[in-house]
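Chemist: What follows is my_file-v3.txt, compact mmCIF, C-alpha atoms.
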```txt
# COMPACT_ATOMS: atom_id res chain seq x y z
CA MET A 328 13.47 28.01 43.19
CA ARG A 329 15.20 27.81 46.56
CA THR A 330 17.57 30.72 47.05
CA ASN A 331 19.25 29.81 50.36
CA TYR A 332 20.89 26.39 50.60
CA LEU A 333 24.09 24.32 50.71
CA PHE A 334 25.32 22.59 47.56
CA THR A 335 28.29 20.30 46.93
CA SER A 336 30.25 19.10 43.89
CA GLU A 337 33.36 16.96 43.51
CA SER A 338 36.19 16.66 41.01
CA VAL A 339 38.89 14.06 40.41
CA SER A 340 42.41 14.52 39.07
CA GLU A 341 43.96 13.29 35.85
CA GLY A 342 45.58 10.51 37.88
CA HIS A 343 42.30 9.10 39.18
CA PRO A 344 41.92 5.61 37.67
CA ASP A 345 38.67 6.44 35.86
CA LYS A 346 40.23 9.60 34.45
CA VAL A 347 43.30 7.66 33.34
CA SER A 348 40.91 5.46 31.39
CA ASP A 349 39.08 8.47 29.92
CA GLN A 350 42.33 10.07 28.78
CA ILE A 351 43.56 6.87 27.16
CA SER A 352 40.25 6.44 25.32
CA ASP A 353 40.40 10.01 24.07
CA ALA A 354 44.05 9.60 23.08
CA ILE A 355 42.83 6.82 20.77
CA VAL A 356 40.07 9.07 19.41
CA ASP A 357 42.67 11.77 18.70
CA LEU A 358 44.99 9.26 17.03
CA MET A 359 42.25 8.02 14.71
CA LEU A 360 41.01 11.52 13.85
CA SER A 361 44.58 12.59 13.08
CA LYS A 362 44.68 9.80 10.49
CA ASP A 363 41.16 10.26 9.13
CA PRO A 364 38.79 13.10 10.19
CA GLU A 365 35.83 10.86 9.32
CA SER A 366 36.94 8.08 11.68
CA ARG A 367 34.39 6.25 13.78
CA VAL A 368 35.61 5.41 17.27
CA ALA A 369 34.00 3.86 20.33
CA CYS A 370 36.93 3.00 22.59
CA GLU A 371 36.54 1.70 26.14
CA THR A 372 39.51 1.41 28.49
CA MET A 373 40.00 -0.56 31.68
CA THR A 374 42.98 0.13 33.92
CA THR A 375 44.13 -1.89 36.89
CA THR A 376 47.40 -2.87 38.54
CA GLN A 377 50.08 -2.78 35.82
CA ARG A 378 47.54 -3.35 33.06
CA VAL A 379 45.64 -1.40 30.40
CA ILE A 380 42.96 -3.09 28.26
CA LEU A 381 41.27 -1.52 25.24
CA SER A 382 38.02 -2.73 23.70
CA GLY A 383 35.46 -1.32 21.31
CA GLU A 384 34.86 -0.56 17.65
CA ILE A 385 36.64 1.59 15.10
CA ARG A 386 36.51 2.52 11.45
CA CYS A 387 39.63 4.28 10.26
CA ALA A 388 40.84 3.35 6.79
CA PRO A 389 44.52 4.27 7.32
CA MET A 390 44.63 2.13 10.48
CA TYR A 391 42.17 -0.75 10.12
CA ASP A 392 40.40 -2.43 7.19
CA MET A 393 39.12 -6.00 7.39
CA ASN A 394 38.57 -6.00 3.63
CA ASN A 395 42.17 -5.19 2.77
CA PRO A 396 43.77 -8.51 1.79
CA GLU A 397 47.25 -7.16 2.47
CA TRP A 398 46.29 -6.54 6.10
CA ALA A 399 44.31 -9.74 6.64
CA VAL A 400 47.32 -11.52 8.13
CA ASN A 401 47.46 -8.76 10.75
CA GLY A 402 43.81 -9.08 11.78
CA GLY A 403 42.72 -6.10 9.70
CA TRP A 404 45.35 -3.73 11.08
CA ALA A 405 47.65 -1.68 8.87
CA PRO A 406 51.36 -2.43 9.36
CA GLY A 407 52.52 -0.69 12.52
CA ALA A 408 49.03 0.47 13.52
CA LYS A 409 48.77 -1.63 16.67
CA ASP A 410 52.23 -0.46 17.75
CA GLU A 411 51.17 3.15 17.22
CA ILE A 412 48.12 2.62 19.41
CA GLU A 413 50.25 1.10 22.15
CA ARG A 414 52.67 4.03 21.99
CA ALA A 415 49.76 6.46 22.38
CA VAL A 416 48.59 4.56 25.47
CA ARG A 417 52.00 4.48 27.13
CA ARG A 418 52.65 8.14 26.27
CA THR A 419 49.36 9.14 27.91
CA VAL A 420 50.20 7.25 31.12
CA ARG A 421 53.68 8.77 31.17
CA GLU A 422 52.36 12.32 30.71
CA ILE A 423 49.92 11.83 33.59
CA GLY A 424 52.94 10.93 35.72
CA TYR A 425 52.68 7.24 36.55
CA GLU A 426 56.08 5.69 37.18
CA GLN A 427 55.14 3.57 40.19
CA GLU A 428 55.66 -0.08 40.96
CA GLY A 429 51.93 -0.78 40.68
CA PHE A 430 51.41 1.26 37.51
CA HIS A 431 54.28 2.32 35.25
CA TRP A 432 53.97 3.51 31.67
CA LYS A 433 57.01 1.55 30.54
CA THR A 434 56.37 -1.83 32.17
CA LEU A 435 52.55 -2.15 32.27
CA THR A 436 50.91 -4.98 30.32
CA PHE A 437 48.85 -3.74 27.36
CA GLU A 438 46.00 -5.52 25.57
CA ASN A 439 44.25 -4.24 22.44
CA HIS A 440 40.81 -5.72 21.69
CA LEU A 441 39.57 -3.00 19.33
CA HIS A 442 37.84 -4.29 16.20
CA GLY A 443 35.83 -3.01 13.23
CA GLN A 444 32.62 -1.03 13.58
CA SER A 445 29.33 -2.87 13.11
CA SER A 446 28.06 -2.44 9.55
CA GLU A 447 24.51 -2.16 10.93
CA ILE A 448 25.46 0.85 13.07
CA ALA A 449 27.44 2.37 10.20
CA GLN A 450 24.49 2.23 7.82
CA GLY A 451 22.39 4.32 10.19
CA VAL A 452 25.06 6.97 10.68
CA ASP A 453 26.54 7.37 7.19
CA ALA A 454 25.03 9.75 4.65
CA ASN A 455 23.68 7.77 1.70
CA GLY A 456 21.95 9.15 -1.38
CA ASN A 457 19.21 11.50 -0.17
CA LYS A 458 19.73 10.44 3.43
CA ASP A 459 21.64 12.90 5.61
CA GLU A 460 24.10 11.63 8.18
CA GLY A 461 22.19 10.23 11.15
CA ALA A 462 22.80 10.33 14.87
CA GLY A 463 25.08 7.59 16.17
CA ASP A 464 22.57 6.60 18.84
CA GLN A 465 19.28 7.61 20.39
CA GLY A 466 19.42 9.67 23.54
CA ILE A 467 18.90 12.91 25.43
CA MET A 468 21.63 15.48 26.01
CA PHE A 469 21.74 18.49 28.31
CA GLY A 470 23.75 21.69 28.36
CA PHE A 471 23.96 24.23 31.15
CA ALA A 472 25.45 27.59 32.05
CA CYS A 473 25.08 30.03 34.93
CA ASP A 474 26.66 33.29 36.02
CA GLU A 475 28.22 31.99 39.27
CA THR A 476 31.81 32.14 37.96
CA PRO A 477 33.67 33.88 35.10
CA ASP A 478 33.63 30.48 33.33
CA LEU A 479 29.79 30.52 33.52
CA MET A 480 29.84 27.28 35.49
CA PRO A 481 28.52 26.11 38.88
CA ALA A 482 30.98 27.43 41.45
CA THR A 483 31.11 24.17 43.42
CA LEU A 484 32.46 22.27 40.42
CA ASP A 485 34.51 25.03 38.78
CA TYR A 486 36.64 25.62 41.87
CA SER A 487 36.89 21.90 42.66
CA HIS A 488 38.46 21.43 39.21
CA LYS A 489 40.81 24.37 39.68
CA ILE A 490 42.13 23.04 43.01
CA LEU A 491 43.16 19.77 41.39
CA GLU A 492 44.60 21.51 38.34
CA ARG A 493 46.85 23.49 40.66
CA LEU A 494 47.95 20.36 42.51
CA ALA A 495 48.84 18.69 39.20
CA ALA A 496 50.74 21.74 37.96
CA ASP A 497 52.75 21.97 41.19
CA ARG A 498 53.46 18.23 41.11
CA LYS A 499 54.78 18.39 37.57
CA SER A 500 56.79 21.58 38.09
CA GLY A 501 58.42 20.24 41.25
CA ALA A 502 56.83 22.88 43.48
CA ALA A 503 55.08 20.10 45.43
CA PRO A 504 57.31 17.02 44.95
CA PHE A 505 55.50 15.08 47.67
CA LEU A 506 52.33 14.80 45.52
CA GLU A 507 51.46 11.81 43.34
CA PRO A 508 48.92 11.76 40.46
CA ASP A 509 45.72 10.45 42.09
CA ALA A 510 43.54 13.02 43.88
CA LYS A 511 39.96 14.09 44.58
CA SER A 512 38.43 17.35 45.75
CA GLN A 513 34.99 18.38 46.97
CA LEU A 514 33.51 21.74 47.94
CA SER A 515 30.34 22.56 49.85
CA LEU A 516 29.19 26.14 49.34
CA ARG A 517 26.51 28.17 51.03
CA TYR A 518 24.17 30.02 48.69
CA GLU A 519 22.24 33.14 49.67
CA ASP A 520 19.74 34.69 47.27
CA GLY A 521 20.89 32.08 44.75
CA LYS A 522 24.56 33.16 44.85
CA PRO A 523 27.54 31.34 46.42
CA VAL A 524 28.86 33.36 49.35
CA ALA A 525 30.89 31.00 51.58
CA CYS A 526 32.62 27.63 51.67
CA THR A 527 31.35 25.49 54.52
CA ALA A 528 33.43 22.35 53.86
CA VAL A 529 36.54 21.35 51.89
CA VAL A 530 37.53 17.75 51.15
CA VAL A 531 40.83 17.00 49.42
CA SER A 532 42.37 13.56 49.22
CA THR A 533 45.67 13.37 47.40
CA GLN A 534 48.08 10.53 46.79
CA HIS A 535 51.44 11.37 48.32
CA GLY A 536 55.02 10.25 48.69
CA LYS A 537 56.20 7.92 51.40
CA GLY A 538 55.54 9.08 54.93
CA TYR A 539 53.42 12.16 54.21
CA HIS A 540 50.60 10.92 56.43
CA GLU A 541 52.20 11.53 59.78
CA GLY A 542 54.30 14.02 61.71
CA GLU A 543 55.93 17.03 60.10
CA LYS A 544 55.45 15.68 56.58
CA GLU A 545 51.70 15.39 57.10
CA ALA A 546 51.61 18.94 58.46
CA GLU A 547 53.53 20.15 55.39
CA LEU A 548 51.09 18.49 53.02
CA LYS A 549 48.00 19.81 54.80
CA SER A 550 49.43 23.32 55.01
CA TYR A 551 50.19 23.22 51.30
CA VAL A 552 46.66 22.07 50.38
CA LYS A 553 45.06 24.75 52.56
CA GLY A 554 47.23 27.34 50.86
CA VAL A 555 46.16 26.20 47.40
CA VAL A 556 42.47 26.23 48.33
CA GLY A 557 42.86 29.69 49.82
CA GLU A 558 44.40 30.97 46.59
CA ILE A 559 41.73 29.39 44.38
CA LEU A 560 38.55 30.39 46.22
CA PRO A 561 37.29 33.99 46.15
CA ASP A 562 38.25 36.21 49.06
CA GLY A 563 36.07 35.82 52.13
CA TRP A 564 34.69 32.38 51.32
CA LEU A 565 36.89 30.59 53.88
CA SER A 566 36.48 31.26 57.58
CA GLU A 567 36.98 29.68 60.98
CA GLU A 568 33.68 27.91 60.42
CA THR A 569 34.94 26.11 57.29
CA GLU A 570 35.26 22.36 57.89
CA TRP A 571 38.46 20.80 56.51
CA HIS A 572 39.05 17.16 55.56
CA ILE A 573 42.48 16.64 54.01
CA ASN A 574 43.35 12.98 53.43
CA PRO A 575 40.79 12.04 56.10
CA THR A 576 41.48 8.29 55.88
CA GLY A 577 45.19 8.67 56.61
CA ALA A 578 47.89 7.25 54.33
CA PHE A 579 47.28 7.54 50.58
CA GLU A 580 50.47 6.13 49.06
CA ILE A 581 48.80 3.45 46.90
CA GLY A 582 46.66 5.15 44.27
CA GLY A 583 45.64 5.26 40.65
CA PRO A 584 44.87 2.00 38.86
CA ASP A 585 46.95 0.12 41.43
CA GLY A 586 44.61 1.22 44.19
CA ASP A 587 41.33 0.88 42.29
CA ALA A 588 40.39 -0.24 38.79
CA GLY A 589 39.42 2.45 36.32
CA LEU A 590 36.86 2.45 33.50
CA THR A 591 36.00 4.92 30.76
CA GLY A 592 32.85 6.93 31.38
CA ARG A 593 32.41 6.53 35.13
CA LYS A 594 32.83 10.22 35.99
CA ILE A 595 30.10 11.79 33.87
CA ILE A 596 28.95 14.21 36.59
CA VAL A 597 32.52 15.38 37.16
CA ASP A 598 32.79 15.80 33.38
CA THR A 599 29.70 18.03 33.16
CA TYR A 600 28.10 20.21 35.86
CA GLY A 601 28.75 18.57 39.21
CA GLY A 602 25.10 17.68 39.72
CA ALA A 603 23.87 21.24 39.30
CA ALA A 604 22.13 20.32 36.03
CA PRO A 605 20.58 17.18 34.52
CA HIS A 606 22.67 14.64 32.64
CA GLY A 607 21.33 12.56 29.79
CA GLY A 608 23.34 9.52 30.85
CA GLY A 609 25.89 9.17 28.06
CA ALA A 610 29.63 9.49 28.60
CA PHE A 611 31.91 11.51 26.30
CA SER A 612 35.40 10.03 26.27
CA GLY A 613 36.34 7.43 23.70
CA LYS A 614 33.67 8.54 21.22
CA ASP A 615 34.10 10.29 17.89
CA PRO A 616 31.88 13.36 17.33
CA THR A 617 29.23 11.52 15.27
CA LYS A 618 28.13 10.18 18.65
CA VAL A 619 25.56 12.71 19.85
CA ASP A 620 26.30 11.70 23.44
CA ARG A 621 29.35 13.86 22.90
CA SER A 622 28.64 16.38 20.14
CA ALA A 623 25.08 17.27 21.19
CA ALA A 624 26.20 17.71 24.81
CA TYR A 625 28.84 20.11 23.50
CA ILE A 626 26.41 22.13 21.38
CA THR A 627 23.88 22.42 24.22
CA ARG A 628 26.62 23.76 26.51
CA TYR A 629 27.61 26.18 23.72
CA LEU A 630 24.04 27.40 23.33
CA ALA A 631 23.40 27.73 27.06
CA LYS A 632 26.71 29.54 27.59
CA ASN A 633 25.99 32.01 24.81
CA ILE A 634 22.53 32.73 26.21
CA VAL A 635 24.03 33.55 29.62
CA ALA A 636 26.97 35.44 28.09
CA ALA A 637 24.51 37.54 26.11
CA GLY A 638 22.73 38.58 29.30
CA LEU A 639 19.54 36.86 28.16
CA ALA A 640 19.42 34.76 31.35
CA LYS A 641 21.42 34.18 34.51
CA ARG A 642 20.90 30.42 34.39
CA CYS A 643 20.03 28.21 31.45
CA THR A 644 19.42 24.50 30.82
CA ILE A 645 19.00 23.14 27.29
CA GLN A 646 17.94 19.65 26.19
CA LEU A 647 18.19 17.99 22.77
CA SER A 648 17.01 14.49 21.84
CA TYR A 649 17.84 12.22 18.91
CA ALA A 650 16.95 8.88 17.31
CA ILE A 651 19.67 6.58 15.95
CA GLY A 652 20.10 6.99 12.22
CA VAL A 653 17.94 10.17 12.11
CA SER A 654 19.62 13.50 11.43
CA LYS A 655 17.21 16.08 12.84
CA PRO A 656 16.76 16.36 16.61
CA LEU A 657 13.42 15.20 17.91
CA SER A 658 13.08 18.00 20.44
CA LEU A 659 14.65 21.20 21.73
CA TYR A 660 13.91 22.46 25.23
CA VAL A 661 15.11 25.65 26.93
CA ASP A 662 14.63 26.44 30.63
CA THR A 663 16.02 29.65 32.10
CA HIS A 664 14.69 28.83 35.58
CA GLY A 665 12.88 32.15 35.90
CA THR A 666 16.09 34.15 35.37
CA SER A 667 15.59 35.38 31.80
CA ALA A 668 15.91 39.03 30.87
CA GLU A 669 12.80 41.16 30.66
CA GLY A 670 10.73 40.33 27.61
CA VAL A 671 12.66 37.13 26.83
CA THR A 672 10.73 33.86 27.12
CA ASP A 673 12.02 30.31 26.99
CA GLU A 674 9.87 29.68 23.92
CA ALA A 675 11.37 32.69 22.18
CA LEU A 676 14.86 31.36 22.87
CA GLU A 677 13.88 27.97 21.40
CA ASN A 678 12.61 29.70 18.26
CA ALA A 679 15.72 31.87 18.05
CA ILE A 680 18.02 28.86 18.21
CA GLY A 681 16.01 27.08 15.53
CA SER A 682 16.27 30.08 13.20
CA ILE A 683 20.07 30.45 13.22
CA GLU A 684 21.18 28.88 9.96
CA LYS A 685 24.86 28.50 10.87
CA LEU A 686 23.85 25.87 13.45
CA GLY A 687 22.87 23.53 10.61
CA GLY A 688 19.57 22.54 12.15
CA LEU A 689 21.47 20.95 15.06
CA THR A 690 21.99 17.79 13.02
CA PRO A 691 25.07 15.72 13.88
CA ARG A 692 26.85 17.01 10.78
CA GLY A 693 25.67 20.59 11.40
CA ILE A 694 27.03 20.48 14.95
CA ARG A 695 30.38 19.08 13.86
CA MET A 696 30.76 21.60 11.05
CA HIS A 697 29.88 24.61 13.21
CA LEU A 698 32.13 23.65 16.10
CA GLY A 699 34.86 21.99 14.02
CA LEU A 700 34.77 18.75 15.98
CA ASN A 701 36.47 16.41 13.49
CA LYS A 702 39.87 17.21 14.91
CA PRO A 703 42.17 15.53 17.45
CA ILE A 704 41.24 17.82 20.35
CA TYR A 705 39.74 15.44 22.87
CA ARG A 706 42.37 14.08 25.22
CA LYS A 707 42.78 17.50 26.83
CA SER A 708 39.07 17.56 27.65
CA ALA A 709 39.20 14.22 29.46
CA ALA A 710 40.45 15.65 32.78
CA TYR A 711 39.23 18.61 34.84
CA GLY A 712 35.89 18.85 33.06
CA HIS A 713 34.74 19.19 29.49
CA PHE A 714 33.08 22.52 30.27
CA GLY A 715 34.15 25.78 31.86
CA ARG A 716 37.46 25.62 30.04
CA GLN A 717 38.79 28.62 28.21
CA ALA A 718 38.48 28.31 24.44
CA GLU A 719 42.20 27.80 23.93
CA GLY A 720 42.54 28.12 20.17
CA GLU A 721 40.54 25.22 18.78
CA ASP A 722 40.82 22.97 21.84
CA PHE A 723 37.41 23.80 23.38
CA PRO A 724 35.31 25.30 20.57
CA TRP A 725 32.08 24.70 22.47
CA GLU A 726 33.28 27.24 25.04
CA ARG A 727 33.30 30.11 22.54
CA THR A 728 30.79 32.93 22.99
CA ASP A 729 30.57 33.86 19.32
CA LEU A 730 26.82 33.27 19.03
CA VAL A 731 25.80 36.20 21.22
CA ALA A 732 25.09 38.60 18.35
CA ASP A 733 23.16 35.94 16.43
CA LEU A 734 20.92 35.18 19.40
CA LYS A 735 20.16 38.84 20.01
CA ALA A 736 19.42 39.39 16.34
CA ALA A 737 17.14 36.35 16.19
CA LEU A 738 15.19 37.66 19.17
CA GLY A 739 14.68 40.96 17.38
```
Could you rewrite the structure in this file as structure tokens?
Modeler:
Amino acid sequence: MRTNYLFTSESVSEGHPDKVSDQISDAIVDLMLSKDPESRVACETMTTTQRVILSGEIRCAPMYDMNNPEWAVNGGWAPGAKDEIERAVRRTVREIGYEQEGFHWKTLTFENHLHGQSSEIAQGVDANGNKDEGAGDQGIMFGFACDETPDLMPATLDYSHKILERLAADRKSGAAPFLEPDAKSQLSLRYEDGKPVACTAVVVSTQHGKGYHEGEKEAELKSYVKGVVGEILPDGWLSEETEWHINPTGAFEIGGPDGDAGLTGRKIIVDTYGGAAPHGGGAFSGKDPTKVDRSAAYITRYLAKNIVAAGLAKRCTIQLSYAIGVSKPLSLYVDTHGTSAEGVTDEALENAIGSIEKLGGLTPRGIRMHLGLNKPIYRKSAAYGHFGRQAEGEDFPWERTDLVADLKAALG
């Protein structure tokens, strides 16, 4: 492993058009799970100037049933269900903060093209007789943790998220009234002996109110951003050698879906580890937890985090793989990158994980039961990263470190 290098990660705010789409998709997941914890949801969202379009497949008996003759005249929707979905969409846009001419929660045009789940997909996922519930799709999923930050996340991404979270909080509280919802951040850090020690470059682009790209207003905005970055990063990381790029293109008054179309699932590296670890390719938002793209990525993060939290390694990558309709994972892979504790091997960690009964064999149902994923907890995860978040009650159960004792016991 290289120990001295530069590494960079980026984040995007809740007002970025792709993140708007992610949050809307997860608002629909939460709505369906609140009606029926066994809902099946695959919701894709497109956002553009004054328009939100939903598409995808659902199965949620209280909301949609093509076989219900009373609902047939409404295209399979329960009375009021489509209105409830639209309210969830508009509420999400309003809470993000969009009340602009080019994108306004109250006046945007909304289209709903959701329809019933394919019976052929359903038959592979549903438990039936002696058949356990199967994975919702084939695929590979990765989890990662490292000891670079208290959140056990790559520092480049963790602090990029936190910068944008602060901007959003100040915008909403009125502390920075010149900010608008769309923003991006990026940090380049210098690593020595494998540890981040300095920030060599900061990039922050934030949508702003009228005129904050010139003169005194521009100076106010840039001073504010530098102050936030200085408060977020550890002491000593910024210096005269740090390169700053704050709104480097100039004016950024047109943003969000009015400035660029947004789609669900286009920020998967922002959602995970900022490029510091592999990604299996699947997005999270808009999917119910039978989809292993989501649930298996959560359990691998949970396992990797607990390994690092237990002091069994300083850095850990875990991979799982699945076949559609098959319950048991096809493979489990652990790589501690040469950082494991004395006497602990990657193979021993694989065996330890496989022996912990409470994990349910890492089947889709076992994962959901252990982490309690059949709950409406997902919209909050759809901005500022799915990982590295504090386990706030039940909102981020995959961030808990309650498997430490089990792992140590399994290792003997």
Chemist: Find the residue from A:Glu397, A:Glu475, A:Glu428, A:Asp349 that sits nearest to Tyr518 (chain A); use all atoms listed in the file when measuring.
Modeler: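 Closest to Tyr518 (chain A), using all atoms listed in the file: A:Glu475.
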Chemist: Please report the interatomic distance between CA of Thr591 (chain A) and CA of Cys473 (chain A) in Å with one decimal.
Modeler: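 So the answer is 27.7 Å.
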Chemist: How close does each residue of region 627-704 of chain A get to region 366-385 of chain A, giving the shortest atom pair and distance in Å to one decimal for every residue with an atom at most 12 Å away, counting all atoms listed in the file, sorted by chain and residue number, as JSON lines?
Modeler:
```
{"residue": "A:Leu700", "atom": "CA", "partner": "A:Ser366", "partner_atom": "CA", "distance": 11.7}
{"residue": "A:Asn701", "atom": "CA", "partner": "A:Ser366", "partner_atom": "CA", "distance": 8.5}
{"residue": "A:Lys702", "atom": "CA", "partner": "A:Ser366", "partner_atom": "CA", "distance": 10.1}
{"residue": "A:Pro703", "atom": "CA", "partner": "A:Ser366", "partner_atom": "CA", "distance": 10.8}
```
Chemist: Restricting the calculation to all atoms listed in the file, which member of A:Ala631, A:Gln513, A:Trp725, A:Ser682 is positioned closest to Ser708 (chain A)?
Modeler: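 Of the candidates, the smallest distance to Ser708 (chain A) is held by A:Trp725.
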Chemist: So that I can see what lies close to Ala525 (chain A), please list as a list in words the residues with an atom at most 8 Å from it, counting all atoms listed in the file and leaving out residues fewer than 4 positions away in the same chain.
Modeler: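 Everything that qualifies: Leu516, Arg517, Tyr518, Gly563, Trp564 and Leu565 of chain A.
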Chemist: Would you kindly return, as a list of chain:residue names, each protein, DNA or RNA residue with an atom no farther than 9 Å from any atom of Leu548 (chain A), considering all atoms listed in the file and excluding same-chain residues fewer than 5 positions away?
Modeler: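 Using all atoms listed in the file, the neighbours found are A:Ala503, A:Phe505, A:Leu506, A:His535, A:Tyr539, A:His540, A:Glu543, A:Lys553, A:Ile573.
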Chemist: With only C-alpha atoms as the basis for distance, which of A:Ser622, A:Ser336, A:Met328, A:Asp585 is at the shortest distance from Glu426 (chain A)?
Modeler: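 Selected residue with least distance to Glu426 (chain A): A:Asp585.
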